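Asker: This is the content of entry.tsv (TSV, C-alpha atoms):
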chain	number	residue	atom	x	y	z
A	411	MET	CA	9.35	16.44	-26.62
A	412	PRO	CA	6.18	14.52	-25.70
A	413	SER	CA	2.85	16.24	-25.87
A	414	PRO	CA	1.14	17.32	-22.60
A	415	THR	CA	-1.31	14.43	-23.09
A	416	GLU	CA	1.44	11.81	-23.53
A	417	PRO	CA	0.99	9.07	-20.91
A	418	LEU	CA	3.55	9.25	-18.14
A	419	TYR	CA	4.89	5.77	-18.85
A	420	ASN	CA	5.74	6.80	-22.42
A	421	GLN	CA	7.69	9.94	-21.57
A	422	PRO	CA	11.51	10.14	-21.40
A	423	ILE	CA	12.92	8.76	-18.16
A	424	THR	CA	14.07	12.17	-16.88
A	425	GLN	CA	10.54	13.55	-17.23
A	426	ARG	CA	9.02	10.46	-15.62
A	427	ILE	CA	11.32	10.83	-12.62
A	428	ASP	CA	10.63	14.56	-12.32
A	429	ALA	CA	6.88	13.86	-12.41
A	430	LEU	CA	7.19	11.23	-9.70
A	431	LEU	CA	9.22	13.47	-7.39
A	432	ASN	CA	6.77	16.29	-7.98
A	433	LEU	CA	3.93	13.94	-7.03
A	434	SER	CA	5.71	13.36	-3.73
A	435	LYS	CA	5.97	17.11	-3.13
A	436	GLN	CA	2.28	17.61	-3.86
A	437	HIS	CA	1.38	14.76	-1.52
A	438	ALA	CA	3.40	16.31	1.33
A	439	LYS	CA	1.90	19.74	0.64
A	440	HIS	CA	-1.62	18.38	0.84
A	441	TYR	CA	-0.85	16.27	3.92
A	442	CYS	CA	0.48	19.34	5.78
A	443	SER	CA	-2.33	21.67	4.73
A	444	PRO	CA	-4.47	23.12	7.56
A	445	SER	CA	-7.63	21.42	6.31
A	446	ALA	CA	-5.97	18.00	6.05
A	447	TRP	CA	-4.39	18.38	9.48
A	448	LEU	CA	-7.71	19.35	11.08
A	449	ALA	CA	-9.50	16.52	9.29
A	450	ARG	CA	-7.06	14.01	10.80
A	451	GLN	CA	-7.39	15.49	14.29
A	452	ARG	CA	-11.17	15.39	14.14
A	453	TYR	CA	-11.27	11.88	12.70
A	454	VAL	CA	-8.94	10.43	15.34
A	455	ALA	CA	-10.95	12.11	18.11
A	456	GLN	CA	-14.13	10.48	16.81
A	457	HIS	CA	-12.62	7.13	15.76
A	458	PRO	CA	-9.55	6.35	17.90
A	459	THR	CA	-9.07	2.71	16.84
A	460	SER	CA	-5.65	2.28	15.26
A	461	ILE	CA	-6.08	0.92	11.72
A	462	ILE	CA	-3.33	-1.00	9.93
A	463	VAL	CA	-3.62	-2.30	6.36
A	464	MET	CA	-1.38	-5.02	5.00
A	465	LYS	CA	-1.57	-4.96	1.22
A	466	CYS	CA	0.08	-5.56	-2.12
A	467	MET	CA	2.22	-2.86	-3.72
A	468	ASP	CA	-0.31	-2.64	-6.59
A	469	GLY	CA	-1.17	1.05	-7.09
A	470	ARG	CA	-4.84	0.25	-7.63
A	471	ILE	CA	-5.22	-0.65	-3.95
A	472	HIS	CA	-5.61	2.78	-2.38
A	473	ILE	CA	-7.63	2.06	0.76
A	474	PRO	CA	-7.92	5.67	2.06
A	475	HIS	CA	-9.26	6.76	-1.35
A	476	ALA	CA	-11.62	3.79	-1.65
A	477	THR	CA	-13.01	4.34	1.87
A	478	ARG	CA	-12.95	8.16	1.79
A	479	THR	CA	-10.74	8.23	4.88
A	480	PRO	CA	-8.42	11.21	5.52
A	481	LEU	CA	-4.79	10.57	4.60
A	482	GLY	CA	-2.63	9.60	7.56
A	483	ILE	CA	-5.31	7.69	9.47
A	484	ILE	CA	-4.54	4.26	8.02
A	485	THR	CA	-1.04	2.86	8.52
A	486	PRO	CA	0.02	0.94	5.39
A	487	PHE	CA	2.32	-2.06	5.14
A	488	ARG	CA	3.02	-2.68	1.46
A	489	ASN	CA	5.02	-5.45	-0.13
A	490	LEU	CA	5.46	-7.12	-3.49
A	491	GLY	CA	2.56	-9.54	-3.92
A	492	GLY	CA	1.09	-8.59	-0.55
A	493	ILE	CA	3.19	-11.40	0.92
A	494	PHE	CA	3.94	-11.16	4.65
A	495	ASP	CA	5.03	-13.39	7.50
A	496	LEU	CA	4.71	-12.03	11.03
A	497	GLY	CA	7.69	-14.18	11.98
A	498	TRP	CA	9.94	-11.89	9.93
A	499	PRO	CA	11.91	-10.09	12.67
A	500	TYR	CA	11.64	-6.52	11.37
A	501	LEU	CA	8.00	-6.81	10.34
A	502	GLY	CA	7.08	-8.32	13.69
A	503	GLU	CA	8.83	-5.50	15.53
A	504	LEU	CA	7.14	-2.75	13.50
A	505	LEU	CA	3.71	-4.30	13.90
A	506	THR	CA	4.15	-4.93	17.61
A	507	ASP	CA	5.38	-1.37	18.19
A	508	ALA	CA	2.31	0.01	16.40
A	509	VAL	CA	-0.02	-2.15	18.50
A	510	LEU	CA	1.74	-1.23	21.76
A	511	ASP	CA	1.63	2.49	20.95
A	512	ALA	CA	-2.13	2.23	20.40
A	513	ALA	CA	-2.62	0.18	23.58
A	514	LYS	CA	-0.67	2.70	25.69
A	515	ALA	CA	-3.02	5.39	24.38
A	516	GLY	CA	-5.98	3.23	25.44
A	517	ASN	CA	-6.97	2.23	21.91
A	518	PRO	CA	-7.47	-1.13	20.18
A	519	THR	CA	-6.05	-2.02	16.77
A	520	LEU	CA	-7.79	-3.24	13.63
A	521	ILE	CA	-5.55	-5.02	11.11
A	522	LEU	CA	-7.01	-5.31	7.62
A	523	ILE	CA	-5.18	-8.16	5.88
A	524	THR	CA	-5.98	-7.75	2.22
A	525	TYR	CA	-5.87	-9.71	-0.99
A	526	HIS	CA	-7.03	-8.37	-4.35
A	527	PHE	CA	-8.66	-9.70	-7.50
A	528	SER	CA	-10.63	-8.68	-10.58
A	529	SER	CA	-14.17	-9.92	-11.19
A	530	GLY	CA	-13.89	-9.13	-14.90
A	531	HIS	CA	-10.71	-10.98	-15.79
A	532	GLN	CA	-8.55	-13.29	-13.69
A	533	GLU	CA	-5.44	-11.89	-15.43
A	534	ARG	CA	-6.02	-8.54	-13.71
A	535	GLY	CA	-5.56	-10.19	-10.32
A	536	CYS	CA	-2.50	-10.30	-8.10
A	537	ALA	CA	0.66	-11.16	-10.03
A	538	GLY	CA	2.35	-12.09	-6.75
A	539	PHE	CA	0.06	-15.14	-6.59
A	540	ASN	CA	-0.04	-15.72	-10.37
A	541	CYS	CA	-3.57	-14.29	-10.34
A	542	ASP	CA	-4.75	-17.18	-8.14
A	543	THR	CA	-7.33	-15.51	-5.90
A	544	GLU	CA	-7.81	-18.55	-3.69
A	545	ALA	CA	-4.07	-18.73	-3.02
A	546	ALA	CA	-3.98	-15.01	-2.17
A	547	LYS	CA	-6.97	-15.43	0.12
A	548	ALA	CA	-5.41	-18.45	1.85
A	549	HIS	CA	-2.27	-16.41	2.49
A	550	ALA	CA	-4.34	-13.60	4.04
A	551	TYR	CA	-6.00	-16.12	6.37
A	552	ALA	CA	-2.58	-17.49	7.34
A	553	VAL	CA	-1.40	-14.00	8.29
A	554	ALA	CA	-4.62	-13.43	10.27
A	555	LYS	CA	-3.96	-16.66	12.18
A	556	GLN	CA	-0.44	-15.44	12.99
A	557	ALA	CA	-1.90	-12.16	14.26
A	558	GLY	CA	-4.11	-14.12	16.62
A	559	GLN	CA	-1.12	-16.06	17.91
A	560	LEU	CA	0.84	-12.85	18.39
A	561	PHE	CA	-1.79	-10.59	19.94
A	562	GLY	CA	-4.39	-12.94	21.41
A	563	ALA	CA	-6.86	-15.39	19.92
A	564	ASP	CA	-9.81	-13.63	21.57
A	565	HIS	CA	-9.23	-10.63	19.25
A	566	GLN	CA	-10.33	-8.18	21.93
A	567	GLN	CA	-7.32	-5.87	21.71
A	568	VAL	CA	-6.20	-6.56	18.15
A	569	TYR	CA	-8.73	-7.69	15.56
A	570	PRO	CA	-7.30	-9.19	12.35
A	571	LEU	CA	-9.82	-8.98	9.51
A	572	VAL	CA	-9.32	-10.65	6.14
A	573	CYS	CA	-10.48	-8.23	3.48
A	574	GLY	CA	-10.72	-8.68	-0.29
A	575	PHE	CA	-10.36	-5.74	-2.68
A	576	GLU	CA	-12.11	-6.06	-6.03
A	577	THR	CA	-10.11	-3.78	-8.32
A	578	ASP	CA	-12.73	-3.36	-11.06
A	579	SER	CA	-15.14	-1.66	-8.66
A	580	ASP	CA	-12.86	-0.73	-5.72
A	581	ALA	CA	-15.17	-2.77	-3.50
A	582	LEU	CA	-14.19	-4.20	-0.12
A	583	ILE	CA	-15.21	-7.76	0.71
A	584	LEU	CA	-15.04	-8.38	4.46
A	585	HIS	CA	-14.66	-11.97	5.65
A	586	GLY	CA	-16.25	-12.96	8.94
A	587	PRO	CA	-14.89	-15.62	11.33
A	588	GLN	CA	-17.60	-18.12	10.33
A	589	GLY	CA	-16.92	-17.87	6.60
A	590	ASP	CA	-19.60	-15.29	5.82
A	591	VAL	CA	-18.76	-12.31	3.63
A	592	LEU	CA	-19.94	-8.72	3.38
A	593	ASP	CA	-19.51	-7.34	-0.14
A	594	SER	CA	-19.88	-3.56	-0.35
A	595	ARG	CA	-21.21	-3.89	-3.91
A	596	GLU	CA	-24.29	-5.51	-2.44
A	597	LEU	CA	-24.78	-2.78	0.15
A	598	VAL	CA	-25.32	0.15	-2.22
A	599	GLY	CA	-28.56	1.92	-1.38
A	600	LEU	CA	-28.91	0.56	2.15
A	601	PRO	CA	-29.32	3.04	5.03
A	602	PRO	CA	-26.37	3.47	7.45
A	603	GLU	CA	-28.15	1.64	10.26
A	604	ALA	CA	-28.48	-1.42	8.01
A	605	LEU	CA	-24.73	-1.41	7.42
A	606	SER	CA	-24.12	-1.37	11.15
A	607	THR	CA	-26.44	-4.34	11.65
A	608	ARG	CA	-24.81	-6.30	8.82
A	609	LEU	CA	-21.32	-5.64	10.16
A	610	ALA	CA	-22.29	-6.73	13.69
A	611	SER	CA	-23.80	-9.92	12.27
A	612	LEU	CA	-20.69	-10.64	10.19
A	613	CYS	CA	-18.22	-10.21	13.07
A	614	PRO	CA	-20.09	-10.90	16.34
A	615	ASP	CA	-16.76	-11.32	18.16
A	616	MET	CA	-15.49	-7.88	17.14
A	617	PRO	CA	-15.45	-5.40	20.05
A	618	GLU	CA	-18.08	-2.69	19.72
A	619	GLU	CA	-15.52	0.13	19.64
A	620	ILE	CA	-13.71	-1.49	16.70
A	621	GLN	CA	-17.03	-2.06	14.90
A	622	ARG	CA	-17.86	1.59	15.47
A	623	ASP	CA	-14.58	2.72	13.91
A	624	LEU	CA	-14.69	0.23	11.03
A	625	LEU	CA	-18.18	1.36	10.05
A	626	PRO	CA	-17.06	4.72	8.52
A	627	LEU	CA	-14.67	2.82	6.24
A	628	LEU	CA	-17.47	0.54	5.12
A	629	GLU	CA	-19.87	3.46	4.62
A	630	GLY	CA	-17.23	5.39	2.68
A	631	ASN	CA	-16.48	2.40	0.47
A	632	VAL	CA	-20.15	1.83	-0.30
A	633	ALA	CA	-20.49	5.50	-1.33
A	634	HIS	CA	-17.30	5.24	-3.41
A	635	VAL	CA	-18.46	2.06	-5.17
A	636	SER	CA	-21.87	3.61	-5.86
A	637	GLU	CA	-20.26	6.67	-7.44
A	638	LEU	CA	-17.94	4.59	-9.63
A	639	GLN	CA	-20.86	2.59	-11.01
A	640	ASN	CA	-21.69	5.57	-13.22
A	641	ILE	CA	-18.13	6.18	-14.39
A	642	GLU	CA	-16.45	4.39	-17.27
A	643	ARG	CA	-13.03	3.12	-16.20
A	644	ASN	CA	-10.09	1.75	-18.17
A	645	LEU	CA	-9.71	-1.67	-16.57
A	646	ASP	CA	-7.58	-3.50	-19.13
A	647	ILE	CA	-4.32	-1.91	-18.03
A	648	GLU	CA	-1.07	-3.50	-19.15
A	649	HIS	CA	1.85	-3.80	-16.80
A	650	ARG	CA	4.04	-0.75	-17.46
A	651	GLU	CA	6.07	-0.48	-14.23
A	652	TRP	CA	9.27	1.52	-14.55
A	653	VAL	CA	10.14	2.17	-10.88
A	654	ILE	CA	11.58	-0.19	-8.28
A	655	CYS	CA	11.02	1.09	-4.74
A	656	VAL	CA	12.89	-0.46	-1.83
A	657	GLY	CA	12.10	0.49	1.76
A	658	ARG	CA	9.18	2.38	3.30
A	659	GLY	CA	7.53	5.78	3.02
A	660	PHE	CA	5.96	5.42	-0.42
A	661	ASP	CA	2.37	6.27	0.49
A	662	PHE	CA	2.38	9.01	-2.17
A	663	LEU	CA	2.70	6.31	-4.82
A	664	HIS	CA	-0.74	5.05	-5.82
A	665	LEU	CA	-0.38	5.29	-9.58
A	666	PRO	CA	-1.48	1.99	-11.17
A	667	ASN	CA	1.25	-0.03	-12.88
A	668	THR	CA	4.01	2.46	-12.14
A	669	ALA	CA	6.08	1.09	-9.27
A	670	LEU	CA	7.09	-2.24	-7.78
A	671	ILE	CA	7.40	-1.68	-4.02
A	672	ILE	CA	9.53	-3.99	-1.91
A	673	GLY	CA	9.16	-3.48	1.82
A	674	PRO	CA	12.27	-4.15	3.94
A	675	TYR	CA	10.41	-6.72	6.01
A	676	GLY	CA	11.57	-10.16	4.93
A	677	PRO	CA	14.94	-11.82	5.57
A	678	ASP	CA	15.64	-12.22	1.83
A	679	LEU	CA	15.47	-8.95	-0.09
A	680	ALA	CA	17.50	-10.19	-3.05
A	681	GLU	CA	14.75	-12.42	-4.44
A	682	PRO	CA	11.99	-9.77	-4.71
A	683	ILE	CA	14.48	-7.19	-6.02
A	684	GLY	CA	15.56	-9.63	-8.74
A	685	THR	CA	11.91	-10.38	-9.55
A	686	ALA	CA	11.10	-6.67	-9.81
A	687	ALA	CA	14.08	-6.10	-12.11
A	688	ALA	CA	12.93	-8.98	-14.32
A	689	ILE	CA	9.49	-7.36	-14.62
A	690	ILE	CA	11.02	-4.01	-15.60
A	691	ASP	CA	13.26	-5.76	-18.15
A	692	ALA	CA	10.26	-7.61	-19.64
A	693	ASN	CA	8.30	-4.35	-19.88
A	694	MET	CA	11.14	-2.76	-21.87
A	695	ARG	CA	11.59	-5.78	-24.14
A	696	ALA	CA	7.85	-5.85	-24.90
A	697	GLY	CA	7.80	-2.14	-25.70
A	698	ARG	CA	5.35	-1.35	-22.92
A	699	ILE	CA	7.75	1.31	-21.60
A	700	PRO	CA	10.69	3.10	-23.26
A	701	ASP	CA	14.06	1.40	-22.88
A	702	ASP	CA	15.85	4.66	-21.98
A	703	GLY	CA	15.96	3.91	-18.27
A	704	PHE	CA	14.20	2.98	-15.07
A	705	MET	CA	14.22	4.43	-11.56
A	706	LEU	CA	15.51	2.77	-8.41
A	707	LEU	CA	14.17	4.63	-5.36
A	708	ALA	CA	15.25	3.71	-1.84
A	709	SER	CA	13.53	5.41	1.09
A	710	THR	CA	13.33	5.18	4.88
A	711	PRO	CA	10.99	7.21	7.13
A	712	TYR	CA	12.15	8.97	10.28
A	713	GLN	CA	10.36	10.87	13.05
A	714	HIS	CA	13.02	13.12	14.59
A	715	SER	CA	16.17	14.99	13.63
A	716	GLY	CA	19.53	13.88	14.96
A	717	VAL	CA	20.19	10.18	15.45
A	718	ASP	CA	16.80	9.08	14.06
A	719	ARG	CA	17.41	10.86	10.77
A	720	ALA	CA	21.04	9.72	10.62
A	721	ARG	CA	19.89	6.13	11.07
A	722	ALA	CA	17.31	6.58	8.28
A	723	GLU	CA	19.98	7.97	5.96
A	724	MET	CA	22.29	5.06	6.68
A	725	LYS	CA	19.51	2.53	6.11
A	726	SER	CA	18.40	4.12	2.83
A	727	ARG	CA	21.95	4.13	1.50
A	728	PHE	CA	22.35	0.49	2.47
A	729	LEU	CA	19.10	-0.46	0.72
A	730	SER	CA	20.07	1.50	-2.37
A	731	ASP	CA	23.54	-0.07	-2.53
A	732	PHE	CA	22.16	-3.54	-1.89
A	733	ALA	CA	19.48	-3.25	-4.58
A	734	GLU	CA	21.99	-1.92	-7.10
A	735	ARG	CA	24.33	-4.85	-6.46
A	736	VAL	CA	21.52	-7.37	-6.92
A	737	ILE	CA	20.39	-5.80	-10.19
A	738	GLN	CA	23.95	-5.56	-11.49
A	739	ARG	CA	24.55	-9.22	-10.68
A	740	GLU	CA	21.28	-10.62	-12.06
A	741	HIS	CA	20.51	-8.12	-14.85
A	742	PRO	CA	23.81	-6.50	-15.88
A	743	ILE	CA	22.51	-5.02	-19.13
A	744	LEU	CA	19.41	-3.57	-17.45
A	745	ALA	CA	21.58	-2.17	-14.66
A	746	GLN	CA	23.24	0.17	-17.15
A	747	LYS	CA	19.87	1.93	-17.55
A	748	MET	CA	19.33	2.45	-13.82
A	749	ARG	CA	18.63	5.94	-12.46
A	750	ARG	CA	19.31	5.61	-8.75
A	751	HIS	CA	17.70	7.91	-6.19
A	752	THR	CA	18.19	7.62	-2.43
A	753	ALA	CA	15.97	9.49	0.03
A	754	VAL	CA	14.53	9.72	3.53
A	755	VAL	CA	10.99	10.70	4.47
A	756	HIS	CA	10.17	13.00	7.37
A	757	TRP	CA	7.14	11.01	8.43
A	758	PRO	CA	5.28	13.74	10.39
A	759	THR	CA	5.14	15.85	7.20
A	760	ARG	CA	5.55	13.07	4.56
A	761	ARG	CA	8.38	15.19	3.04
A	762	LEU	CA	10.73	13.21	0.78
A	763	ASP	CA	14.31	14.50	1.08
A	764	SER	CA	16.82	13.38	-1.56
A	765	LEU	CA	20.24	12.22	-0.36
A	766	ASP	CA	21.82	12.19	-3.84
Would you put the structure from the file into structure tokens?
Answerer:
Amino acid sequence: MPSPTEPLYNQPITQRIDALLNLSKQHAKHYCSPSAWLARQRYVAQHPTSIIVMKCMDGRIHIPHATRTPLGIITPFRNLGGIFDLGWPYLGELLTDAVLDAAKAGNPTLILITYHFSSGHQERGCAGFNCDTEAAKAHAYAVAKQAGQLFGADHQQVYPLVCGFETDSDALILHGPQGDVLDSRELVGLPPEALSTRLASLCPDMPEEIQRDLLPLLEGNVAHVSELQNIERNLDIEHREWVICVGRGFDFLHLPNTALIIGPYGPDLAEPIGTAAAIIDANMRAGRIPDDGFMLLASTPYQHSGVDRARAEMKSRFLSDFAERVIQREHPILAQKMRRHTAVVHWPTRRLDSLD
């Protein structure tokens, strides 16, 4: 039996899985608590702009935590490498539906299109771009351009904002339309009114209501970065992923180097699933994680009982079956160590329900 202080990645696979599922339960419990519910209601009343974040599956990139924003305010789109194409049919539909829902409620949408990097060591950057920050940034700009084509180049209803995330400090780096940047590490100690002025100068084409609702995220991030400056952090973290997640509804999973999350957005799911399996296999071979097993978790969110839930169940089972076939075909020896879990998520409560 491992000691209570044994790192999660080093524990037997059954205990790792139990810990992960318990984390999901705790997340749902907190999300449904009276205080969390009231915090969301108050926040949305004060800041009605719909906020979407497109980001890498890397667990270090926890935007609500880094901006001190209540859980459930920011809608995440997560994918391996943070790679997206708004031409992907399912992704385009989801994004358009989110924008239309906000518009019908009379609210604009802010889309934060993120890339991430480490100032300390290039090797701690985004593996999806081989730690090439410029390539990751160029991809974010390409997605922002697509957003303009999809929702209007004037950016009055939907504002796409390229945003870097520096993982050593948890700092946001906002990129303006003229190439200027606003680095929250350089804003520590400034009064709130100065932040507002700097943001307006960075994005003069951003509607005032979106600026108003982006400002709390910037203020929260500056406070977060300032607090972390006095805390010693373990930054040289090896890759120790032991979970492959396929689908959506994994917002409880923000443990660094634990899971490889593959969103069901692109037309070719086999390639990222095979890549994720190769990473897990390499982690076992290098001794970074035990070789007693890994977890495959498929999940789909749903809003309502009845047909909506039945559809989610069917989709999760398809994703789980599909991922298992890919892993068995490309990594037959590794596949023997697979612990498969299929679930759906009741999105209004964030409750993960197992279908196994």
Asker: In terms of the shortest atom-to-atom distance over all atoms listed in the file, which of A:Pro417, A:Gly530, A:Pro486, A:Pro458 is closest to Leu624 of chain A?
Answerer: A:Pro458
Asker: For atom CA of Ala720 of chain A and atom CA of Gly659 of chain A, determine how far apart the two atoms are, in Å to one decimal place.
Answerer: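 Pair atom CA of Ala720 of chain A / atom CA of Gly659 of chain A returns 16.0 Å.
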Asker: Measure the distance from atom CA of Pro617 of chain A to atom CA of Arg478 of chain A in Å and round it to one decimal.
Answerer: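 Here the two named atoms are 22.9 Å from each other.
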Asker: Which one is closest to Ser730 of chain A: A:Arg761, A:Gly703, A:Pro518, A:Ala680? Count only C-alpha atoms.
Answerer: A:Ala680
Asker: Excluding Asp580 of chain A and residues on its chain fewer than 4 positions from it, collect all residues at most 9 Å away from it, counting only C-alpha atoms, and give them as a list of chain:residue names.
Answerer: A:Arg470, A:Ile471, A:His472, A:Ile473, A:Ala476, A:Phe575, A:Glu576, A:Asn631, A:His634, A:Val635, A:Leu638
Asker: How far is it from atom CA of Pro666 of chain A to atom CA of Ala557 of chain A, in Å with one decimal?
Answerer: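 These two atoms are separated by 29.1 Å.
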Asker: When you count only C-alpha atoms, which of these residues is closest to Ala552 of chain A: A:Thr524, A:Gln738, A:Gln746, A:Ser529?
Answerer: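 Of the candidates, the smallest distance to Ala552 of chain A is held by A:Thr524.
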Asker: Up to 8 Å from (-24.8, 1.8, -7.0) in the file's coordinates: name the residues, counting all atoms listed in the file, as a list in words.
Answerer: Arg595, Val598, Gly599, Val635, Ser636, Glu637, Leu638, Gln639 and Asn640 of chain A
Asker: Tell me, as a list in words, which residues lie within 7 Å of segment 600-612 of chain A, counting only C-alpha atoms; anything in the same chain fewer than 6 positions away does not count.
Answerer: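 Within the cut-off, the hits are Gly586, Asp590 and Leu625 of chain A.
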Asker: Dump C-alpha atoms for the selected residues as a CSV table (one decimal), keeping the file's coordinate frame?
Answerer:
chain,number,residue,atom,x,y,z
A,586,GLY,CA,-16.2,-13.0,8.9
A,590,ASP,CA,-19.6,-15.3,5.8
A,625,LEU,CA,-18.2,1.4,10.0
